[in-house]
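Participant: Take this structure first; my questions come after.
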There are 4 protein chains.
Amino acid sequence: MEFDSNRPIYLQIADGICEQILQGKFKPGERIPSVREWAANIGVNPNTVARSYETLSDRGIIFNTRGIGFSVASDALDAILEEERRKFTEEELPAILRKAELLGLNLKELF
Amino acid sequence: MEFDSNRPIYLQIADGICEQILQGKFKPGERIPSVREWAANIGVNPNTVARSYETLSDRGIIFNTRGIGFSVASDALDAILEEERRKFTEEELPAILRKAELLGLNLKELF
Amino acid sequence: MEFDSNRPIYLQIADGICEQILQGKFKPGERIPSVREWAANIGVNPNTVARSYETLSDRGIIFNTRGIGFSVASDALDAILEEERRKFTEEELPAILRKAELLGLNLKELF
Amino acid sequence: MEFDSNRPIYLQIADGICEQILQGKFKPGERIPSVREWAANIGVNPNTVARSYETLSDRGIIFNTRGIGFSVASDALDAILEEERRKFTEEELPAILRKAELLGLNLKELF
DNA sequence: GTGGTCTAGACCACC
DNA sequence: GTGGTCTAGACCACA
């Protein structure tokens, strides 16, 4: 697996998990691979994957069962989409609109 | 001045200067404030501003005259616009459109 | 059965058994369910329940008879109450009162 | 500095910082010691202190200025008290009341 | 087996 | 100088 060096690996791993959830490869309620397994799989240090899982857990997308491992939360899909929509409408879209105006580009023409 | 902690301050400062050039506050051929002056103005370490000026200089937007300071290049506006328009239409806009579709958001409604 | 992830499950199970003894659901001298049975009942690994029983056994609340299983000790109620009351009045209550004062909360109002 | 082995060191460090803020030793807006400095001071690995600072940052109690270090948030005191009050009234107090009832203790007498 | 914590030490971007 | 990230490897509690 390859990573973009401009973004922390642990976040890119988390992104990847989210994507797999959105694509239905990891389903709500199901276990995801263990930290060690996934780390070996993608060739990074287990601590790095642990950090990815921890952030996903904080965001309510996966949860940990002691001694068992991490599983996809039942509302993971909603949580992810909700997160993304918020970021999009509150941050990315306004930024793009502002920039288009600054550059004198007419967005409607570009569609 | 406030900064987004997700992006290096020196780049945000450079962005700000580009914006002021686009808005006509700094005109081609004119000097811009000294590193020290600008740093004091926005409450930042002079090294940071120096780095901003350096990157702008690398991009041909400003230039340095020994003993004088930095001035706006004669073709600064074109340089900025060309650079930004390319990035915008080739990278940012397609990415945004793809994402909007992925999230099931209707862009036209959001305008 | 649901568990608080901040406290080991085996201790939470032990707490539950103590409670049932205090409530009279498990009476002194009577057998309690086997490790396997109880584990299946609450959906937990038998090892975990075994550990719960072990700690209760150490505290003199239940005892093991070879070939029979675990039973509630004759003085289990006293043992539990004595243990808990001491911990409560000497440790927990003073801590709570101290904290309430520190936070500027009036306990009497909160009842 | 000594630590209770039943609680992660990084959380105990965070607790200590909160206490110092409550006591006015670290004031809102002021810098707190750097990660490395504090780590050397209390004799733990810098990574451990970094984790403490990170959790405090997530909780809005301190904030990071790039290249400068961490400082106490302006509303740190409120944030801490708010956190503690919530934990107290929603978790600790109900637990204590429930336990008192189970033990047959009359709380009002104990005051 | 699982994840959680901690250490040691490295490299990096940024100020 | 600062913190952020990553690796390597250890030990532990828990299931």
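How things are named: the first chain in the structure tokens is A, the next is B, and so on; residues count from 1 in each chain; ligands count from 1 in the order shown.
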Both chains have the same sequence, so superpose chain C on chain B over all Cα atoms paired in order and return it as a PDB file with C-alpha atoms, in the first residue's frame.
Facilitator:
ATOM      1  CA  MET C   1      -4.721  37.891  11.991  1.00  0.00           C
ATOM      2  CA  GLU C   2      -5.984  34.395  12.511  1.00  0.00           C
ATOM      3  CA  PHE C   3      -4.655  31.222  11.036  1.00  0.00           C
ATOM      4  CA  ASP C   4      -5.986  27.818  10.191  1.00  0.00           C
ATOM      5  CA  SER C   5      -3.843  25.422  12.147  1.00  0.00           C
ATOM      6  CA  ASN C   6      -4.107  22.774   9.454  1.00  0.00           C
ATOM      7  CA  ARG C   7      -2.032  24.733   6.996  1.00  0.00           C
ATOM      8  CA  PRO C   8       1.438  26.164   7.536  1.00  0.00           C
ATOM      9  CA  ILE C   9       1.271  29.773   8.560  1.00  0.00           C
ATOM     10  CA  TYR C  10       3.903  30.832   6.057  1.00  0.00           C
ATOM     11  CA  LEU C  11       1.718  29.527   3.224  1.00  0.00           C
ATOM     12  CA  GLN C  12      -1.353  31.259   4.601  1.00  0.00           C
ATOM     13  CA  ILE C  13       0.608  34.486   4.707  1.00  0.00           C
ATOM     14  CA  ALA C  14       1.699  33.960   1.103  1.00  0.00           C
ATOM     15  CA  ASP C  15      -1.924  33.337   0.141  1.00  0.00           C
ATOM     16  CA  GLY C  16      -2.880  36.578   1.800  1.00  0.00           C
ATOM     17  CA  ILE C  17      -0.299  38.519  -0.144  1.00  0.00           C
ATOM     18  CA  CYS C  18      -1.456  36.987  -3.416  1.00  0.00           C
ATOM     19  CA  GLU C  19      -4.973  38.012  -2.568  1.00  0.00           C
ATOM     20  CA  GLN C  20      -3.915  41.571  -1.866  1.00  0.00           C
ATOM     21  CA  ILE C  21      -2.129  41.658  -5.197  1.00  0.00           C
ATOM     22  CA  LEU C  22      -5.231  40.377  -6.964  1.00  0.00           C
ATOM     23  CA  GLN C  23      -7.288  43.008  -5.179  1.00  0.00           C
ATOM     24  CA  GLY C  24      -4.864  45.709  -6.260  1.00  0.00           C
ATOM     25  CA  LYS C  25      -3.690  46.624  -2.793  1.00  0.00           C
ATOM     26  CA  PHE C  26      -0.150  45.741  -3.796  1.00  0.00           C
ATOM     27  CA  LYS C  27       0.561  46.836  -7.369  1.00  0.00           C
ATOM     28  CA  PRO C  28       3.175  45.456  -9.819  1.00  0.00           C
ATOM     29  CA  GLY C  29       6.491  47.227  -9.402  1.00  0.00           C
ATOM     30  CA  GLU C  30       5.639  48.500  -5.946  1.00  0.00           C
ATOM     31  CA  ARG C  31       7.472  47.521  -2.796  1.00  0.00           C
ATOM     32  CA  ILE C  32       5.690  45.407  -0.249  1.00  0.00           C
ATOM     33  CA  PRO C  33       6.317  45.850   3.474  1.00  0.00           C
ATOM     34  CA  SER C  34       9.602  44.552   4.862  1.00  0.00           C
ATOM     35  CA  VAL C  35       9.709  41.155   6.466  1.00  0.00           C
ATOM     36  CA  ARG C  36      10.072  42.685   9.914  1.00  0.00           C
ATOM     37  CA  GLU C  37       7.325  45.219   9.396  1.00  0.00           C
ATOM     38  CA  TRP C  38       4.853  42.708   8.091  1.00  0.00           C
ATOM     39  CA  ALA C  39       5.740  40.251  10.837  1.00  0.00           C
ATOM     40  CA  ALA C  40       5.095  42.856  13.510  1.00  0.00           C
ATOM     41  CA  ASN C  41       1.899  43.832  11.749  1.00  0.00           C
ATOM     42  CA  ILE C  42       0.369  40.380  11.863  1.00  0.00           C
ATOM     43  CA  GLY C  43       2.014  39.251  15.084  1.00  0.00           C
ATOM     44  CA  VAL C  44       4.223  36.519  13.762  1.00  0.00           C
ATOM     45  CA  ASN C  45       7.878  35.544  13.901  1.00  0.00           C
ATOM     46  CA  PRO C  46       9.922  37.334  11.200  1.00  0.00           C
ATOM     47  CA  ASN C  47      11.399  33.997  10.136  1.00  0.00           C
ATOM     48  CA  THR C  48       7.930  32.906   9.167  1.00  0.00           C
ATOM     49  CA  VAL C  49       7.270  35.917   6.974  1.00  0.00           C
ATOM     50  CA  ALA C  50      10.725  35.536   5.424  1.00  0.00           C
ATOM     51  CA  ARG C  51       9.756  32.070   4.383  1.00  0.00           C
ATOM     52  CA  SER C  52       6.512  33.324   2.863  1.00  0.00           C
ATOM     53  CA  TYR C  53       8.402  35.897   0.820  1.00  0.00           C
ATOM     54  CA  GLU C  54      10.867  33.249  -0.250  1.00  0.00           C
ATOM     55  CA  THR C  55       8.184  30.971  -1.654  1.00  0.00           C
ATOM     56  CA  LEU C  56       6.498  33.878  -3.440  1.00  0.00           C
ATOM     57  CA  SER C  57       9.871  34.780  -4.848  1.00  0.00           C
ATOM     58  CA  ASP C  58      10.368  31.226  -6.103  1.00  0.00           C
ATOM     59  CA  ARG C  59       7.037  31.427  -7.854  1.00  0.00           C
ATOM     60  CA  GLY C  60       8.002  34.652  -9.622  1.00  0.00           C
ATOM     61  CA  ILE C  61       5.341  36.715  -7.900  1.00  0.00           C
ATOM     62  CA  ILE C  62       7.641  39.025  -5.998  1.00  0.00           C
ATOM     63  CA  PHE C  63      11.350  39.742  -6.314  1.00  0.00           C
ATOM     64  CA  ASN C  64      14.092  40.904  -4.038  1.00  0.00           C
ATOM     65  CA  THR C  65      16.367  43.894  -4.628  1.00  0.00           C
ATOM     66  CA  ARG C  66      19.434  44.054  -2.416  1.00  0.00           C
ATOM     67  CA  GLY C  67      19.188  46.867   0.055  1.00  0.00           C
ATOM     68  CA  ILE C  68      15.665  47.703  -1.029  1.00  0.00           C
ATOM     69  CA  GLY C  69      13.409  44.817  -0.185  1.00  0.00           C
ATOM     70  CA  PHE C  70      10.729  42.851  -1.983  1.00  0.00           C
ATOM     71  CA  SER C  71       8.539  44.232  -4.745  1.00  0.00           C
ATOM     72  CA  VAL C  72       5.658  42.879  -6.756  1.00  0.00           C
ATOM     73  CA  ALA C  73       6.773  41.453 -10.121  1.00  0.00           C
ATOM     74  CA  SER C  74       5.433  43.155 -13.224  1.00  0.00           C
ATOM     75  CA  ASP C  75       3.670  40.020 -14.324  1.00  0.00           C
ATOM     76  CA  ALA C  76       2.584  39.006 -10.854  1.00  0.00           C
ATOM     77  CA  LEU C  77      -1.103  39.192 -11.595  1.00  0.00           C
ATOM     78  CA  ASP C  78      -0.827  36.982 -14.625  1.00  0.00           C
ATOM     79  CA  ALA C  79       1.429  34.571 -12.794  1.00  0.00           C
ATOM     80  CA  ILE C  80      -1.006  34.217  -9.938  1.00  0.00           C
ATOM     81  CA  LEU C  81      -4.091  33.984 -12.063  1.00  0.00           C
ATOM     82  CA  GLU C  82      -2.569  31.517 -14.451  1.00  0.00           C
ATOM     83  CA  GLU C  83      -1.310  29.348 -11.623  1.00  0.00           C
ATOM     84  CA  GLU C  84      -4.528  29.471  -9.665  1.00  0.00           C
ATOM     85  CA  ARG C  85      -6.869  29.041 -12.597  1.00  0.00           C
ATOM     86  CA  ARG C  86      -5.055  25.954 -13.738  1.00  0.00           C
ATOM     87  CA  LYS C  87      -5.101  24.430 -10.281  1.00  0.00           C
ATOM     88  CA  PHE C  88      -8.714  25.393  -9.879  1.00  0.00           C
ATOM     89  CA  THR C  89     -10.166  24.043 -13.098  1.00  0.00           C
ATOM     90  CA  GLU C  90      -7.940  21.016 -13.379  1.00  0.00           C
ATOM     91  CA  GLU C  91      -7.791  19.874  -9.807  1.00  0.00           C
ATOM     92  CA  GLU C  92     -10.029  21.529  -7.291  1.00  0.00           C
ATOM     93  CA  LEU C  93     -13.249  21.871  -9.215  1.00  0.00           C
ATOM     94  CA  PRO C  94     -13.287  18.300 -10.554  1.00  0.00           C
ATOM     95  CA  ALA C  95     -12.509  17.019  -7.071  1.00  0.00           C
ATOM     96  CA  ILE C  96     -15.370  18.993  -5.590  1.00  0.00           C
ATOM     97  CA  LEU C  97     -17.811  17.844  -8.229  1.00  0.00           C
ATOM     98  CA  ARG C  98     -16.801  14.237  -7.750  1.00  0.00           C
ATOM     99  CA  LYS C  99     -17.202  14.522  -4.033  1.00  0.00           C
ATOM    100  CA  ALA C 100     -20.572  16.232  -4.234  1.00  0.00           C
ATOM    101  CA  GLU C 101     -21.844  13.433  -6.405  1.00  0.00           C
ATOM    102  CA  LEU C 102     -20.444  10.823  -4.044  1.00  0.00           C
ATOM    103  CA  LEU C 103     -22.225  12.456  -1.133  1.00  0.00           C
ATOM    104  CA  GLY C 104     -25.467  12.747  -3.036  1.00  0.00           C
ATOM    105  CA  LEU C 105     -25.510  16.517  -2.774  1.00  0.00           C
ATOM    106  CA  ASN C 106     -27.020  18.683  -5.461  1.00  0.00           C
ATOM    107  CA  LEU C 107     -24.599  21.531  -5.995  1.00  0.00           C
ATOM    108  CA  LYS C 108     -27.081  23.772  -7.759  1.00  0.00           C
ATOM    109  CA  GLU C 109     -29.307  23.720  -4.709  1.00  0.00           C
ATOM    110  CA  LEU C 110     -26.472  24.771  -2.488  1.00  0.00           C
ATOM    111  CA  PHE C 111     -25.660  27.955  -4.343  1.00  0.00           C
TER     112      PHE C 111
END
Participant: Just list the residues in chain B DSSP gives strand (DSSP E) on the backbone, as a list in words.
Facilitator: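 Listing strand (DSSP E) positions across chain B yields Ile62, Phe63, Asn64, Thr65, Gly69, Phe70, Ser71 and Val72 of chain B.
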Participant: Would you put the residues from that selection into a file with N, CA and C atoms, as a PDB file, in the first residue's frame?
Facilitator:
ATOM      1  N   ILE B  62       6.969  37.891  -6.505  1.00  0.00           N
ATOM      2  CA  ILE B  62       7.671  39.075  -6.004  1.00  0.00           C
ATOM      3  C   ILE B  62       9.160  38.867  -6.286  1.00  0.00           C
ATOM      4  N   PHE B  63       9.935  39.951  -6.141  1.00  0.00           N
ATOM      5  CA  PHE B  63      11.384  39.789  -6.311  1.00  0.00           C
ATOM      6  C   PHE B  63      12.093  40.683  -5.314  1.00  0.00           C
ATOM      7  N   ASN B  64      13.340  40.328  -5.041  1.00  0.00           N
ATOM      8  CA  ASN B  64      14.107  41.003  -4.017  1.00  0.00           C
ATOM      9  C   ASN B  64      15.172  41.884  -4.643  1.00  0.00           C
ATOM     10  N   THR B  65      15.292  43.122  -4.160  1.00  0.00           N
ATOM     11  CA  THR B  65      16.368  44.002  -4.604  1.00  0.00           C
ATOM     12  C   THR B  65      17.235  44.309  -3.395  1.00  0.00           C
ATOM     13  N   GLY B  69      14.464  45.735  -0.711  1.00  0.00           N
ATOM     14  CA  GLY B  69      13.390  44.890  -0.181  1.00  0.00           C
ATOM     15  C   GLY B  69      12.666  44.180  -1.311  1.00  0.00           C
ATOM     16  N   PHE B  70      11.494  43.679  -0.997  1.00  0.00           N
ATOM     17  CA  PHE B  70      10.731  42.925  -1.985  1.00  0.00           C
ATOM     18  C   PHE B  70       9.703  43.802  -2.681  1.00  0.00           C
ATOM     19  N   SER B  71       9.532  43.543  -3.965  1.00  0.00           N
ATOM     20  CA  SER B  71       8.528  44.279  -4.741  1.00  0.00           C
ATOM     21  C   SER B  71       7.709  43.296  -5.555  1.00  0.00           C
ATOM     22  N   VAL B  72       6.551  43.755  -5.962  1.00  0.00           N
ATOM     23  CA  VAL B  72       5.667  42.924  -6.773  1.00  0.00           C
ATOM     24  C   VAL B  72       6.185  42.859  -8.204  1.00  0.00           C
TER      25      VAL B  72
END
Participant: As JSON, numbers by chain, please: every residue in chain D that a backbone DSSP assignment puts in helix (DSSP H, G or I).
Facilitator: {"D": [9, 10, 11, 12, 13, 14, 15, 16, 17, 18, 19, 20, 21, 22, 35, 36, 37, 38, 39, 40, 41, 42, 46, 47, 48, 49, 50, 51, 52, 53, 54, 55, 56, 57, 58, 76, 77, 78, 79, 80, 81, 82, 83, 84, 85, 86, 87, 88, 89, 90, 91, 92, 93, 94, 95, 96, 97, 98, 99, 100, 101, 102, 103, 107, 108, 109, 110]}
Participant: Near chain D, meaning an atom within 10 Å, which residues of chain E appear when counting only C-alpha atoms (C1' of nucleotides)? Write them as a count of residues only.
Facilitator: 8
Participant: Within 12 Å of chain D, which residues belong to chain F? Use only C-alpha atoms (C1' of nucleotides) and report them as a list in words.
Facilitator: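 Written out as asked, the residues are DG1, DT2, DG3, DG4, DT5, DC6, DC12 and DA13 of chain F.
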